[in-house]
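Novice: For reference, the file work-v8.cif (mmCIF, C-alpha atoms) is included below:
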data_data
#
loop_
_atom_site.group_PDB
_atom_site.id
_atom_site.type_symbol
_atom_site.label_atom_id
_atom_site.label_comp_id
_atom_site.auth_asym_id
_atom_site.auth_seq_id
_atom_site.Cartn_x
_atom_site.Cartn_y
_atom_site.Cartn_z
ATOM 1 C CA MET A 176 15.257 3.441 7.038
ATOM 2 C CA ASP A 177 13.648 1.065 9.530
ATOM 3 C CA PHE A 178 11.117 3.751 10.452
ATOM 4 C CA ILE A 179 10.343 4.529 6.789
ATOM 5 C CA PHE A 180 9.767 0.875 5.903
ATOM 6 C CA SER A 181 7.648 0.339 9.009
ATOM 7 C CA LEU A 182 5.385 3.178 7.905
ATOM 8 C CA GLY A 183 5.299 1.727 4.394
ATOM 9 C CA GLY A 184 4.396 -1.677 5.797
ATOM 10 C CA THR A 185 1.562 -0.092 7.742
ATOM 11 C CA GLU A 186 0.146 1.042 4.392
ATOM 12 C CA TYR A 187 -0.310 -2.583 3.267
ATOM 13 C CA PHE A 188 -2.285 -3.459 6.368
ATOM 14 C CA LEU A 189 -4.364 -0.277 6.095
ATOM 15 C CA PHE A 190 -5.171 -1.024 2.454
ATOM 16 C CA SER A 191 -6.471 -4.433 3.544
ATOM 17 C CA ALA A 192 -8.530 -2.773 6.270
ATOM 18 C CA MET A 193 -9.920 -0.309 3.688
ATOM 19 C CA ALA A 194 -10.824 -3.195 1.373
ATOM 20 C CA TYR A 195 -12.617 -4.943 4.234
ATOM 21 C CA ASP A 196 -14.419 -1.709 5.101
ATOM 22 C CA CYS A 197 -15.535 -1.301 1.481
ATOM 23 C CA TYR A 198 -16.633 -4.946 1.394
ATOM 24 C CA LEU A 199 -18.824 -4.465 4.466
ATOM 25 C CA ALA A 200 -20.274 -1.182 3.184
ATOM 26 C CA ILE A 201 -21.319 -2.694 -0.171
ATOM 27 C CA CYS A 202 -22.111 -6.300 0.704
ATOM 28 C CA TYR A 203 -23.649 -5.785 4.154
ATOM 29 C CA PRO A 204 -24.944 -2.188 4.221
ATOM 30 C CA LEU A 205 -27.588 -2.863 6.884
ATOM 31 C CA HIS A 206 -25.080 -4.453 9.255
ATOM 32 C CA TYR A 207 -22.201 -2.073 8.475
ATOM 33 C CA SER A 208 -22.596 0.273 11.441
ATOM 34 C CA THR A 209 -22.919 -2.677 13.797
ATOM 35 C CA ILE A 210 -19.869 -4.558 12.514
ATOM 36 C CA MET A 211 -17.559 -1.629 11.699
ATOM 37 C CA ASN A 212 -17.928 0.107 15.044
ATOM 38 C CA SER A 213 -15.361 2.356 16.728
ATOM 39 C CA THR A 214 -13.814 -0.580 18.589
ATOM 40 C CA LEU A 215 -13.138 -2.612 15.444
ATOM 41 C CA SER A 216 -11.860 0.484 13.628
ATOM 42 C CA ALA A 217 -9.387 1.175 16.435
ATOM 43 C CA GLN A 218 -8.305 -2.477 16.506
ATOM 44 C CA LEU A 219 -7.680 -2.512 12.736
ATOM 45 C CA ALA A 220 -5.667 0.712 12.900
ATOM 46 C CA LEU A 221 -3.602 -0.323 15.911
ATOM 47 C CA GLY A 222 -3.101 -3.829 14.536
ATOM 48 C CA SER A 223 -1.801 -2.385 11.260
ATOM 49 C CA TRP A 224 0.873 -0.384 13.065
ATOM 50 C CA VAL A 225 1.938 -3.173 15.433
ATOM 51 C CA CYS A 226 2.081 -5.907 12.767
ATOM 52 C CA SER A 227 4.066 -3.710 10.395
ATOM 53 C CA PHE A 228 6.709 -2.720 12.948
ATOM 54 C CA LEU A 229 7.071 -6.337 14.095
ATOM 55 C CA ALA A 230 7.444 -7.624 10.525
ATOM 56 C CA ILE A 231 10.078 -5.022 9.613
ATOM 57 C CA SER A 232 12.052 -5.670 12.809
ATOM 58 C CA ILE A 233 13.080 -9.151 11.599
ATOM 59 C CA PRO A 234 15.075 -8.199 8.454
ATOM 60 C CA GLU A 235 16.182 -4.963 10.097
ATOM 61 C CA SER A 236 17.822 -6.894 12.959
ATOM 62 C CA LEU A 237 19.965 -8.624 10.302
ATOM 63 C CA ARG A 238 20.754 -5.435 8.370
ATOM 64 C CA VAL A 239 22.146 -3.587 11.391
ATOM 65 C CA ARG A 240 24.795 -6.325 11.758
ATOM 66 C CA LEU A 241 26.231 -5.688 8.292
ATOM 67 C CA SER A 242 29.627 -4.033 8.017
ATOM 68 C CA PHE A 243 30.555 -1.549 5.299
ATOM 69 C CA CYS A 244 33.778 -0.713 3.507
ATOM 70 C CA GLY A 245 34.960 0.996 0.331
ATOM 71 C CA THR A 246 32.639 3.480 -1.318
ATOM 72 C CA ASN A 247 29.985 5.237 0.761
ATOM 73 C CA VAL A 248 28.023 6.613 -2.200
ATOM 74 C CA VAL A 249 24.365 5.592 -2.031
ATOM 75 C CA THR A 250 22.954 5.318 -5.557
ATOM 76 C CA CYS A 251 19.476 6.427 -4.577
ATOM 77 C CA PHE A 252 17.791 9.546 -3.226
ATOM 78 C CA SER A 253 15.511 7.815 -0.739
ATOM 79 C CA CYS A 254 15.624 4.888 1.686
ATOM 80 C CA SER A 255 16.292 1.873 -0.507
ATOM 81 C CA ILE A 256 17.268 -1.609 0.615
ATOM 82 C CA ASP A 257 19.075 -2.519 -2.595
ATOM 83 C CA SER A 258 21.328 0.561 -2.522
ATOM 84 C CA PHE A 259 22.047 -0.092 1.136
ATOM 85 C CA ILE A 260 22.937 -3.772 0.707
ATOM 86 C CA ILE A 261 25.307 -3.122 -2.204
ATOM 87 C CA LEU A 262 27.552 -1.100 0.115
ATOM 88 C CA SER A 263 27.961 -4.045 2.490
ATOM 89 C CA CYS A 264 31.216 -6.038 2.464
ATOM 90 C CA PRO A 265 30.167 -9.471 3.858
ATOM 91 C CA ASP A 266 27.811 -11.931 2.219
ATOM 92 C CA THR A 267 24.242 -10.580 2.295
ATOM 93 C CA TYR A 268 22.417 -13.749 1.249
ATOM 94 C CA VAL A 269 20.734 -14.347 4.635
ATOM 95 C CA THR A 270 19.705 -10.701 4.909
ATOM 96 C CA GLU A 271 18.269 -10.650 1.400
ATOM 97 C CA MET A 272 16.395 -13.929 1.859
ATOM 98 C CA ALA A 273 14.910 -12.735 5.165
ATOM 99 C CA ALA A 274 13.692 -9.549 3.476
ATOM 100 C CA PHE A 275 12.384 -11.609 0.536
ATOM 101 C CA ILE A 276 10.399 -13.999 2.754
ATOM 102 C CA ILE A 277 8.920 -11.158 4.808
ATOM 103 C CA SER A 278 8.003 -9.387 1.563
ATOM 104 C CA ILE A 279 6.167 -12.472 0.304
ATOM 105 C CA ILE A 280 4.257 -12.912 3.551
ATOM 106 C CA VAL A 281 3.341 -9.251 4.037
ATOM 107 C CA ILE A 282 2.981 -7.913 0.500
ATOM 108 C CA LEU A 283 1.581 -10.907 -1.371
ATOM 109 C CA GLY A 284 -0.434 -12.156 1.603
ATOM 110 C CA LEU A 285 -2.147 -8.825 2.194
ATOM 111 C CA CYS A 286 -2.471 -8.268 -1.552
ATOM 112 C CA SER A 287 -4.431 -11.528 -1.810
ATOM 113 C CA ILE A 288 -6.731 -10.521 1.057
ATOM 114 C CA THR A 289 -7.284 -7.088 -0.500
ATOM 115 C CA LEU A 290 -7.998 -8.463 -3.974
ATOM 116 C CA VAL A 291 -10.422 -11.093 -2.676
ATOM 117 C CA SER A 292 -12.305 -8.387 -0.753
ATOM 118 C CA TYR A 293 -12.583 -6.210 -3.856
ATOM 119 C CA ILE A 294 -13.613 -9.159 -6.046
ATOM 120 C CA TYR A 295 -16.517 -9.928 -3.705
ATOM 121 C CA THR A 296 -17.343 -6.220 -3.560
ATOM 122 C CA LEU A 297 -17.345 -5.789 -7.346
ATOM 123 C CA SER A 298 -19.433 -8.927 -7.862
ATOM 124 C CA THR A 299 -22.009 -7.508 -5.441
ATOM 125 C CA ILE A 300 -22.001 -4.163 -7.279
ATOM 126 C CA LEU A 301 -22.649 -5.878 -10.613
ATOM 127 C CA ARG A 302 -25.717 -7.583 -9.130
ATOM 128 C CA ILE A 303 -27.318 -4.247 -8.163
ATOM 129 C CA PRO A 304 -30.346 -3.887 -10.477
ATOM 130 C CA SER A 305 -30.264 -0.109 -11.076
ATOM 131 C CA ALA A 306 -27.492 1.619 -13.016
ATOM 132 C CA GLN A 307 -27.582 4.561 -10.608
ATOM 133 C CA GLY A 308 -27.068 2.221 -7.663
ATOM 134 C CA GLN A 309 -24.130 0.551 -9.406
ATOM 135 C CA GLN A 310 -22.526 3.916 -10.151
ATOM 136 C CA LYS A 311 -22.935 5.120 -6.570
ATOM 137 C CA ALA A 312 -21.522 1.897 -5.134
ATOM 138 C CA PHE A 313 -18.623 1.791 -7.589
ATOM 139 C CA SER A 314 -17.665 5.409 -6.835
ATOM 140 C CA THR A 315 -17.173 4.361 -3.219
ATOM 141 C CA CYS A 316 -14.526 1.769 -4.110
ATOM 142 C CA SER A 317 -12.971 3.057 -7.335
ATOM 143 C CA SER A 318 -10.521 5.481 -5.704
ATOM 144 C CA PRO A 319 -9.050 3.060 -3.138
ATOM 145 C CA LEU A 320 -8.949 0.298 -5.753
ATOM 146 C CA THR A 321 -6.909 2.499 -8.103
ATOM 147 C CA LEU A 322 -4.455 3.308 -5.315
ATOM 148 C CA VAL A 323 -4.177 -0.378 -4.388
ATOM 149 C CA ILE A 324 -3.293 -1.326 -7.973
ATOM 150 C CA ILE A 325 -0.597 1.378 -8.251
ATOM 151 C CA TRP A 326 0.819 0.705 -4.786
ATOM 152 C CA TYR A 327 1.034 -3.073 -5.074
ATOM 153 C CA SER A 328 2.332 -3.027 -8.656
ATOM 154 C CA SER A 329 5.309 -0.846 -7.712
ATOM 155 C CA THR A 330 6.111 -2.492 -4.381
ATOM 156 C CA ILE A 331 5.892 -6.055 -5.720
ATOM 157 C CA PHE A 332 8.422 -5.061 -8.396
ATOM 158 C CA LEU A 333 10.712 -3.485 -5.790
ATOM 159 C CA TYR A 334 10.646 -5.962 -2.933
ATOM 160 C CA VAL A 335 9.301 -9.380 -3.954
ATOM 161 C CA ARG A 336 12.595 -10.521 -5.493
ATOM 162 C CA PRO A 337 15.389 -12.697 -4.058
ATOM 163 C CA SER A 338 18.056 -10.194 -5.132
ATOM 164 C CA ARG A 339 17.708 -6.476 -5.765
ATOM 165 C CA GLN A 340 21.308 -5.678 -6.647
ATOM 166 C CA ASN A 341 20.539 -5.159 -10.337
ATOM 167 C CA ALA A 342 18.693 -2.487 -12.322
ATOM 168 C CA LEU A 343 19.177 0.274 -9.735
ATOM 169 C CA ASP A 344 18.117 2.968 -12.204
ATOM 170 C CA MET A 345 14.803 1.225 -12.752
ATOM 171 C CA ASN A 346 14.404 0.795 -8.997
ATOM 172 C CA LYS A 347 14.896 4.530 -8.474
ATOM 173 C CA THR A 348 12.134 5.292 -10.974
ATOM 174 C CA VAL A 349 9.704 2.856 -9.376
ATOM 175 C CA ASN A 350 10.693 4.105 -5.918
ATOM 176 C CA THR A 351 9.743 7.615 -6.970
ATOM 177 C CA LEU A 352 6.358 6.361 -8.145
ATOM 178 C CA ASN A 353 5.893 4.532 -4.867
ATOM 179 C CA THR A 354 6.935 7.315 -2.483
ATOM 180 C CA ILE A 355 5.715 10.440 -4.283
ATOM 181 C CA VAL A 356 3.071 9.704 -6.921
ATOM 182 C CA THR A 357 0.929 7.306 -4.861
ATOM 183 C CA PRO A 358 0.560 9.636 -1.814
ATOM 184 C CA LEU A 359 -0.266 12.540 -4.144
ATOM 185 C CA LEU A 360 -2.931 10.471 -5.875
ATOM 186 C CA ASN A 361 -4.284 9.496 -2.471
ATOM 187 C CA LEU A 362 -4.777 13.164 -1.580
ATOM 188 C CA PHE A 363 -6.247 13.874 -5.011
ATOM 189 C CA PHE A 364 -8.796 11.048 -4.873
ATOM 190 C CA ASP A 365 -9.793 11.855 -1.295
ATOM 191 C CA SER A 366 -10.294 15.504 -2.274
ATOM 192 C CA LEU A 367 -12.505 14.564 -5.229
ATOM 193 C CA ARG A 368 -14.771 12.642 -2.882
ATOM 194 C CA ASN A 369 -15.423 15.876 -0.995
ATOM 195 C CA LYS A 370 -18.537 17.659 -2.306
ATOM 196 C CA GLU A 371 -17.217 21.167 -1.598
ATOM 197 C CA VAL A 372 -13.949 20.474 -3.434
ATOM 198 C CA LYS A 373 -15.794 19.152 -6.491
ATOM 199 C CA GLU A 374 -18.035 22.210 -6.562
ATOM 200 C CA ALA A 375 -15.021 24.535 -6.303
ATOM 201 C CA LEU A 376 -13.224 22.720 -9.142
ATOM 202 C CA TRP A 377 -16.361 22.904 -11.290
ATOM 203 C CA LYS A 378 -16.528 26.675 -10.760
ATOM 204 C CA VAL A 379 -12.852 27.077 -11.681
ATOM 205 C CA PHE A 380 -13.028 25.069 -14.910
ATOM 206 C CA SER A 381 -16.471 26.287 -15.959
ATOM 207 C CA GLY A 382 -15.590 29.942 -15.304
ATOM 208 C CA THR A 383 -18.678 30.565 -13.186
#
If you convert what's in this file into structure tokens, what do you get?
Specialist:
Amino acid sequence: MDFIFSLGGTEYFLFSAMAYDCYLAICYPLHYSTIMNSTLSAQLALGSWVCSFLAISIPESLRVRLSFCGTNVVTCFSCSIDSFIILSCPDTYVTEMAAFIISIIVILGLCSITLVSYIYTLSTILRIPSAQGQQKAFSTCSSPLTLVIIWYSSTIFLYVRPSRQNALDMNKTVNTLNTIVTPLLNLFFDSLRNKEVKEALWKVFSGT
């Protein structure tokens, strides 16, 4: 579970890096290649992994100390903190609050950075004089922006709460959206940005 959540946390940092990349590409196109060089790209990628694993290690160090008794039935089909905590016998207040605080810092903090980047990007797109230029610029950011909205909406519901011991059925539904639907949409949007894939789909649906 620690490994799964560390990978999920990496996604937040990568989404912020993608938003920054989109911001540079739209707002500073002439300086983009100079600023977003291979060194900065590697630093953003490595920093995303390191920061995520460090952030998850704090609540995880508290969770491994919990003891369990009674039923061992996990009411979820994937790694879920709420289903895990319910099985614990001792008081879980400190563990839940640690997870809650980390969630606020990581999820809401990075969400704010991502949204600010996209707001500046969209405002720049709207100032482009030609409609064709606006459409081309918006197509660059529309796919990642859609994924960001879906990803943050589901994860804020799941993790930015002091207690997650209620509404497990709803949590399972949102968890499915978060772990299955979002990655599938990611593949779908990335494929549609590929010229060869779009041409192949056009041939299939047009019958040519």
Novice: Using all atoms listed in the file, I'd like a table of the residues in stretch 180-282 of chain A that come within 12 Å of stretch 310-318 of chain A; for each, show the closest atom pair and its distance in Å rounded to one decimal, ordered by chain and ascending number, as a Markdown table.
Specialist:
| residue | atom | partner | partner_atom | distance |
| --- | --- | --- | --- | --- |
| A:Phe190 | CA | A:Ser318 | CA | 11.7 |
| A:Met193 | CA | A:Cys316 | CA | 9.3 |
| A:Ala194 | CA | A:Cys316 | CA | 8.3 |
| A:Tyr195 | CA | A:Cys316 | CA | 10.9 |
| A:Asp196 | CA | A:Cys316 | CA | 9.8 |
| A:Cys197 | CA | A:Cys316 | CA | 6.5 |
| A:Tyr198 | CA | A:Cys316 | CA | 8.9 |
| A:Leu199 | CA | A:Cys316 | CA | 11.4 |
| A:Ala200 | CA | A:Ala312 | CA | 9.0 |
| A:Ile201 | CA | A:Ala312 | CA | 6.8 |
| A:Cys202 | CA | A:Ala312 | CA | 10.1 |
| A:Pro204 | CA | A:Ala312 | CA | 10.8 |
Novice: Leaving out A:Leu283 and any residue of its chain fewer than 5 positions from it, which residues lie within 9 Å of it when counting all atoms listed in the file, given as an NGL selection string?
Specialist: :A and (278 or 288 or 327 or 331 or 335)
Novice: Got time to write the residues from that selection, C-alpha atoms, as a compact mmCIF listing (two decimals), in the coordinates of the input?
Specialist:
# COMPACT_ATOMS: atom_id res chain seq x y z
CA SER A 278 8.00 -9.39 1.56
CA ILE A 288 -6.73 -10.52 1.06
CA TYR A 327 1.03 -3.07 -5.07
CA ILE A 331 5.89 -6.06 -5.72
CA VAL A 335 9.30 -9.38 -3.95
Novice: Report, in Å with one decimal, the straight-line distance from atom CA of A:Leu221 to atom CA of A:Gly184.
Specialist: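 That distance, rounded to one decimal, is 13.0 Å.
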Novice: Between A:Leu297, A:Leu285, A:Cys244, A:Arg238, which residue has the minimum interatomic distance to A:Met272, considering all atoms listed in the file?
Specialist: A:Arg238
Novice: Please indicate the distance in Å from atom CA of A:Ala217 to atom CA of A:Asp177, rounded to one decimal place.
Specialist: 24.0 Å
Novice: Just how far from atom CA of A:Ser242 is atom CA of A:Cys264, in Å to one decimal?
Specialist: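 Atom-to-atom, atom CA of A:Cys264 to atom CA of A:Ser242, that is 6.1 Å.
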Novice: Kindly indicate which residue among A:Pro319, A:Ile231, A:Ser223, A:Tyr203 lies nearest to A:Ile300, using all atoms listed in the file for the distances.
Specialist: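 Using all atoms listed in the file, A:Ile300 sits closest to A:Tyr203.
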Novice: So what does the PyMOL selection byres ((chain A and resi 182) around 12) actually pick up in this one, as a list in words?
Specialist: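 For this structure, the PyMOL selection byres ((chain A and resi 182) around 12) captures Met176, Asp177, Phe178, Ile179, Phe180, Ser181, Gly183, Gly184, Thr185, Glu186, Tyr187, Phe188, Leu189, Ser223, Trp224, Val225, Cys226, Ser227, Phe228, Leu229, Ala230, Ile231 and Thr354 of chain A.
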Novice: With only C-alpha atoms as the basis for distance, which of A:Leu322, A:Val239, A:Leu290, A:Ile277 is at the shortest distance from A:Ile260?
Specialist: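 Residue with the minimum atom-to-atom distance to A:Ile260: A:Val239.
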Novice: For A:Ile282, which of A:Leu237, A:Val248, A:Leu362, A:Val323 is the closest residue, counting all atoms listed in the file?
Specialist: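 With all atoms listed in the file as the atom set, the closest residue is A:Val323.
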